[in-house]
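Engineer: Just dropping this structure here.
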Amino acid sequence: MSAPLGNWEGQSTVRPPLFNGQYYSWWKNRMKDHIIGEDYELWDIVTDGPLATTMKNEEGVVVPKTRADCTVEDLKKWEKNAKAKKWLVCGLGPNEYSRIQSCTTTKEIWDTLQVAHEGTPQVKRSRGTLLYSQYENFTIKEGETIQEMYTRFTTLTNELKSLGRIILEEDKVEKILTRVLPVSWKSKITAIQESKNIATLRLDELIGNLTAYELRRQTMKMDKPKKERSLALRIAEGSDLEDDEMTMITREFKKYLMRGKSSSRDEDSEDEAEEEQALMAIGESDDEQEVSILHLKNKIKFLSKEKLAELLLDFIDESEIINNEKEVLSRECVILKAKCKNLESRSNESDNTNAELKNQEDLGKVKHELDRTCKWNKASDALSWLQEHHSSNKRGLGYGTQAPKWDSRSKYLTFPENKICTHCGKTGHYKNECNAKEKASQKNKVFVQEKNKLPGSK
């Protein structure tokens, strides 16, 4: 979060912070704290709107109260609304005041300033995405101190927080340890990771630890005499060797270090003879001769002490460069291994998901076949039963199994009553008393009468 340098108007516990078009995020937070410190209810008026004083008129419609209709409580609400607006207006410069001059409520003033300096929600999302990309690529600059780096880091994270993207303390600590500090701090990073619990380590405690280590490094550098070092050897006049020959020795020694390290990584550590041979072997290129320790010894045998010291310093520089490259490659290797492990776990999850889907599909096929088989089994059972029970006795083939109410062995039928209607077949009445017959006769008479009334009928 950007902030102005030095003391200027507005930094007071009495006056509100002044905003003149710059450092809006800084002013926004300070104005919020200032208003809340005066009266917390005033901040609710800024964010939610003014306290309403309304009443119902004769028609039953809710309307704002006039000055004559206000009670003591209503006047206190008016006073709080005016006080909240006063704090905002008095904290704005001339240019910003002209921007909100037409606003009537405190909420309108606050929203107008927020849209003017932070943008719409879409602009805020785009700006948040840009700032988060800067956070992901954040590293310490060359020659930058820990405190300078920490100032830039907190400014970036505070800007993200004002846009709604909050980064946890644990993530900040892990970010600084793993991706911000240079490779030369690897030993310190490893010591902190082993001695501290990263999940509970506070960011200010980490910065204090790193700052103390940085001061110790600077003190050690000041105690050492300054020496001019370079990758190419510099030989004074009257030396025993020429410039080209010294450069060749340096290049051959660098080649020896690199080939020796690569060979030692490939060989088995338990076999000492092969490891010694790998360290001694330099290899053979297409157009260069084989380099060996004996070859280097023969070249530097007749050097003076001063030249040997200078050559040794250059060898140390070459060794440090190679070690730094090795550390960088090691970190990249760790990152790639983590990515490979993540991809492997995802691949296993995908295989498990595919296996489950395949099992579900196979289960559905088995269930379908089982349903078809059950249908055929039921039909086969029914046919088998019909074949076994096929006889003159039809009971069971769609007939109920309930025993008849009459004696099946008698050739006479007995009825509960002697009266039987020969028209409808029911018992209890005769044909001349049958209601069904009477209704049928009436229906036939009506039909005949309607037919005789039709034109053309005889």
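Letters for chains follow the order of the structure tokens (A, B, ...), residue numbers begin at 1 for each chain, and ligand numbers begin at 1 in the order shown.
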I'd like the contact shell of segment 145-148 of chain A - 9 Å cut-off, only C-alpha atoms, skipping same-chain residues fewer than 6 positions apart - returned as a PyMOL selection string.

Structural biologist: chain A and resi 207+210-211+214

Engineer: Given the choices A:Phe19, A:Trp185, A:Phe447, A:Tyr430, which gets closest to Glu327 of chain A if the distance is worked out from only C-alpha atoms?

Structural biologist: A:Trp185

Engineer: Extract, using only C-alpha atoms, all DNA, RNA and protein residues at most 7 Å from segment 161-177 of chain A, discarding same-chain residues fewer than 6 positions from it, and format them as a list in words.

Structural biologist: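 Listing them by chain and then by number gives Lys124, Gly128, Ile189, Ile198, Ala199, Arg202 and Leu203 of chain A.
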
Engineer: When you count only C-alpha atoms, which of these residues is closest to Asn324 of chain A: A:Glu136, A:Gly364, A:Trp43, A:Lys186?

Structural biologist: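 For Asn324 of chain A, the nearest of the candidates is A:Lys186.
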
Engineer: Quick one: of A:Lys65, A:Lys28, A:Lys426, A:Lys76, who's nearest to His117 of chain A, counting only C-alpha atoms?

Structural biologist: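 Smallest distance to His117 of chain A is found for A:Lys28.
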
Engineer: Could you pull out the residues in segment 38-265 of chain A that DSSP calls strand (DSSP E) from the backbone, as a ChimeraX atom specification?

Structural biologist: /A:54-56,62-64

Engineer: Generate the output file for the selected residues, N, CA and C atoms, as a tab-separated table (two decimals), in the first residue's frame.

Structural biologist:
chain	number	residue	atom	x	y	z
A	54	THR	N	-38.53	8.95	9.63
A	54	THR	CA	-39.70	8.93	8.75
A	54	THR	C	-40.97	8.89	9.58
A	55	MET	N	-42.08	9.15	8.89
A	55	MET	CA	-43.42	9.06	9.50
A	55	MET	C	-44.42	8.78	8.40
A	56	LYS	N	-45.64	8.43	8.78
A	56	LYS	CA	-46.72	8.18	7.83
A	56	LYS	C	-47.61	9.42	7.75
A	62	VAL	N	-45.21	6.43	3.85
A	62	VAL	CA	-44.04	6.76	4.68
A	62	VAL	C	-43.27	7.87	4.00
A	63	VAL	N	-43.07	8.99	4.71
A	63	VAL	CA	-42.36	10.14	4.16
A	63	VAL	C	-41.34	10.62	5.19
A	64	PRO	N	-40.28	11.31	4.76
A	64	PRO	CA	-39.29	11.85	5.72
A	64	PRO	C	-39.92	12.93	6.59

Engineer: Quick one: distance from atom CA of Leu18 of chain A to atom CA of Val89 of chain A in Å, one decimal?

Structural biologist: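 Those two atoms sit 9.6 Å apart.
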